[in-house]
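J.: This structure is in structure tokens; I'll ask about it shortly.
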Amino acid sequence: MSEHVIDEYRLVSGCRCAVARTWGCNLISWIVDNAELMYCPPELPESASKITGGGNPILFPAVGRTWELSGEKPVLGPYRIYGTNRLYQMPNHGIVFKSLFERTGLMETPYLVTATYDMQIPEQVLEENYPFEVRLTQSFTAKPDRIDLWARIVNADTRPAPVAFGYHPYFRVSNPDRTDVEIRLPATKEIILTPDTVLPTGETRDFDGVLKLATGVSYDNLYTGLVGTRMSLVDKQARRVVHVDFDLNTEFLVVYAPDNSEFVCIEPWTRGLGAFMNLNHPDWEKTDAIRILQPGKAMFFSATFSIEPLR
């Protein structure tokens, strides 16, 4: 029997979805026309030891990995905040899976369901990982062929807080060879990343907006220069297109697809990749590397996952 709390929602159209609230409020299932669109291995969330692996991990307050680069070799996770003596540890993609969620709102009709969740950061996580009183509210609205996601982040602290955010949906593809699978991105530049730490090198290359996935290739790509608000995963063998529509708070798009995987992740992010290593600088509150949320202020982030048949 699962020890996790998993909330299941169903519409008369047949659309179904499930949120694992005790595994980072993760959307682990989304079924339309009897097709499961989210990839989540059957052993998850029970065996999960990190935020990623399947469903739709929520990335907060970090996106990507945090590195300490002052030594001979990069060290994963540790960072310091200027003016303190504490050494903190930021997990890959943040602290959401270490935090607690309570369902604080539910509106159900036969044709639409909206569920709202509030996150509580445990004291141990505040001590060890992220010492800022920042509150996150996440809502999901399920409709016959789409799910709307909306997040509100509030700085309840008395000092500025660094905040990055993103979604990491694992969408199923019809074949692990990715034959006839392509991604359409409203971006003009690909940011070149280091192969070991997956951080920007400072270089970019032009991008024409279409990424045709190849067999035997792993992808962990970052894109910028956005010229639209929709990215799409086209699967010709499955005869479907999955769209991710995002708001203007999105600044980067990510494609993640390991070789021979049954999924492709197309992810909307704010800036913040590798940014926590900058917090030991005296002027970190003025950095452009990550959003700085002032006391009492809020930021919002929204996206919509939808599906349509390939014509």
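Every chain in the structure tokens takes a letter, A first, then B, and so on in the order presented; its residues are numbered from 1, and the ligands are numbered from 1 following the presented order.
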Find the nearest atom pair between each residue of region 213-245 of chain A and region 159-173 of chain A for residues within 12 Å, count only C-alpha atoms, give distances in Å to one decimal, sort rows by chain and ascending number, and present the table as a Markdown table.
T.:
| residue | atom | partner | partner_atom | distance |
| --- | --- | --- | --- | --- |
| A:Leu213 | CA | A:Val173 | CA | 11.3 |
| A:Ser232 | CA | A:Phe171 | CA | 10.9 |
| A:Leu233 | CA | A:Phe171 | CA | 8.5 |
| A:Val234 | CA | A:Val173 | CA | 9.1 |
| A:Asp235 | CA | A:Val173 | CA | 6.7 |
| A:Lys236 | CA | A:Val173 | CA | 9.7 |
| A:Gln237 | CA | A:Val173 | CA | 8.8 |
| A:Ala238 | CA | A:Val173 | CA | 7.6 |
| A:Arg239 | CA | A:Val173 | CA | 10.6 |
| A:Arg240 | CA | A:Val173 | CA | 9.8 |
| A:Val241 | CA | A:Val173 | CA | 10.4 |
| A:Val242 | CA | A:Phe171 | CA | 8.2 |
| A:His243 | CA | A:Phe171 | CA | 10.3 |
| A:Val244 | CA | A:Pro169 | CA | 9.3 |
| A:Asp245 | CA | A:Tyr167 | CA | 11.6 |
J.: Find the residues around Pro57 (chain A) up to 8 Å (only C-alpha atoms counted), leave out those fewer than 3 positions away in its own chain, and share them as a PyMOL selection string.
T.: chain A and resi 24-27+51-52+54+167-169
J.: Generate the output file for the selected residues, N, CA and C atoms, as a PDB file, in the first residue's frame.
T.:
ATOM      1  N   GLY A  24       6.240  16.319  -3.716  1.00  0.00           N
ATOM      2  CA  GLY A  24       6.426  17.616  -4.348  1.00  0.00           C
ATOM      3  C   GLY A  24       5.248  18.111  -5.149  1.00  0.00           C
ATOM      4  N   CYS A  25       4.025  17.681  -4.799  1.00  0.00           N
ATOM      5  CA  CYS A  25       2.822  18.125  -5.519  1.00  0.00           C
ATOM      6  C   CYS A  25       2.973  17.841  -7.018  1.00  0.00           C
ATOM      7  N   ASN A  26       3.426  16.633  -7.315  1.00  0.00           N
ATOM      8  CA  ASN A  26       3.803  16.237  -8.662  1.00  0.00           C
ATOM      9  C   ASN A  26       2.597  15.685  -9.428  1.00  0.00           C
ATOM     10  N   LEU A  27       2.376  16.209 -10.635  1.00  0.00           N
ATOM     11  CA  LEU A  27       1.331  15.703 -11.528  1.00  0.00           C
ATOM     12  C   LEU A  27       1.851  14.425 -12.171  1.00  0.00           C
ATOM     13  N   ILE A  51      13.753  14.912  -6.700  1.00  0.00           N
ATOM     14  CA  ILE A  51      12.582  15.555  -7.281  1.00  0.00           C
ATOM     15  C   ILE A  51      12.232  15.010  -8.657  1.00  0.00           C
ATOM     16  N   THR A  52      13.256  14.556  -9.421  1.00  0.00           N
ATOM     17  CA  THR A  52      13.032  14.171 -10.805  1.00  0.00           C
ATOM     18  C   THR A  52      12.769  12.679 -10.930  1.00  0.00           C
ATOM     19  N   GLY A  54       9.948  11.488 -13.077  1.00  0.00           N
ATOM     20  CA  GLY A  54       8.702  11.314 -13.794  1.00  0.00           C
ATOM     21  C   GLY A  54       7.677  12.346 -13.381  1.00  0.00           C
ATOM     22  N   TYR A 167       8.669  24.320 -14.498  1.00  0.00           N
ATOM     23  CA  TYR A 167       8.023  23.006 -14.553  1.00  0.00           C
ATOM     24  C   TYR A 167       8.884  22.079 -15.404  1.00  0.00           C
ATOM     25  N   HIS A 168       8.802  20.768 -15.098  1.00  0.00           N
ATOM     26  CA  HIS A 168       9.680  19.771 -15.720  1.00  0.00           C
ATOM     27  C   HIS A 168       8.840  18.580 -16.196  1.00  0.00           C
ATOM     28  N   PRO A 169       7.880  18.786 -17.092  1.00  0.00           N
ATOM     29  CA  PRO A 169       6.978  17.687 -17.462  1.00  0.00           C
ATOM     30  C   PRO A 169       7.673  16.602 -18.279  1.00  0.00           C
TER      31      PRO A 169
END
J.: Just to confirm, what's the straight-line distance from CA of Thr109 (chain A) to CA of Ala18 (chain A) in Å (one decimal)?
T.: 16.2 Å
J.: From the set A:Leu273, A:Ala257, A:Leu136, A:Ile183, which residue has the shortest atom-to-atom contact distance to Pro200 (chain A), counting only C-alpha atoms?
T.: A:Leu273
J.: Find the distance between CA of Phe60 (chain A) and CA of Val96 (chain A) and write it in Å to one decimal.
T.: 6.2 Å
J.: For Asn92 (chain A), list every protein, DNA or RNA residue within 9 Å, evaluated using only C-alpha atoms, and leave out those in the same chain fewer than 5 positions away; present the list as a PyMOL selection string.
T.: chain A and resi 50-52+59+62-66+76-77
J.: For region 115-127 of chain A, list every protein, DNA or RNA residue within 9 Å, evaluated using only C-alpha atoms, and leave out those in the same chain fewer than 2 positions away; present the list as an NGL selection string.
T.: :A and (21 or 24-25 or 88 or 95-96 or 98-108 or 113 or 129-142)
J.: Please list as a PDB file with C-alpha atoms, in the first residue's frame every residue within 6 Å of Ala275 (chain A), counting only C-alpha atoms and excluding residues in the same chain fewer than 3 positions away.
T.:
ATOM      1  CA  GLY A 272      18.486  30.962 -12.218  1.00  0.00           C
ATOM      2  CA  ASN A 278      26.646  33.815  -6.721  1.00  0.00           C
ATOM      3  CA  ALA A 289      21.407  35.734 -12.553  1.00  0.00           C
TER       4      ALA A 289
END
J.: Mind giving me the straight-line distance from CA of Arg80 (chain A) to CA of Trp284 (chain A) in Å, one decimal?
T.: 11.1 Å
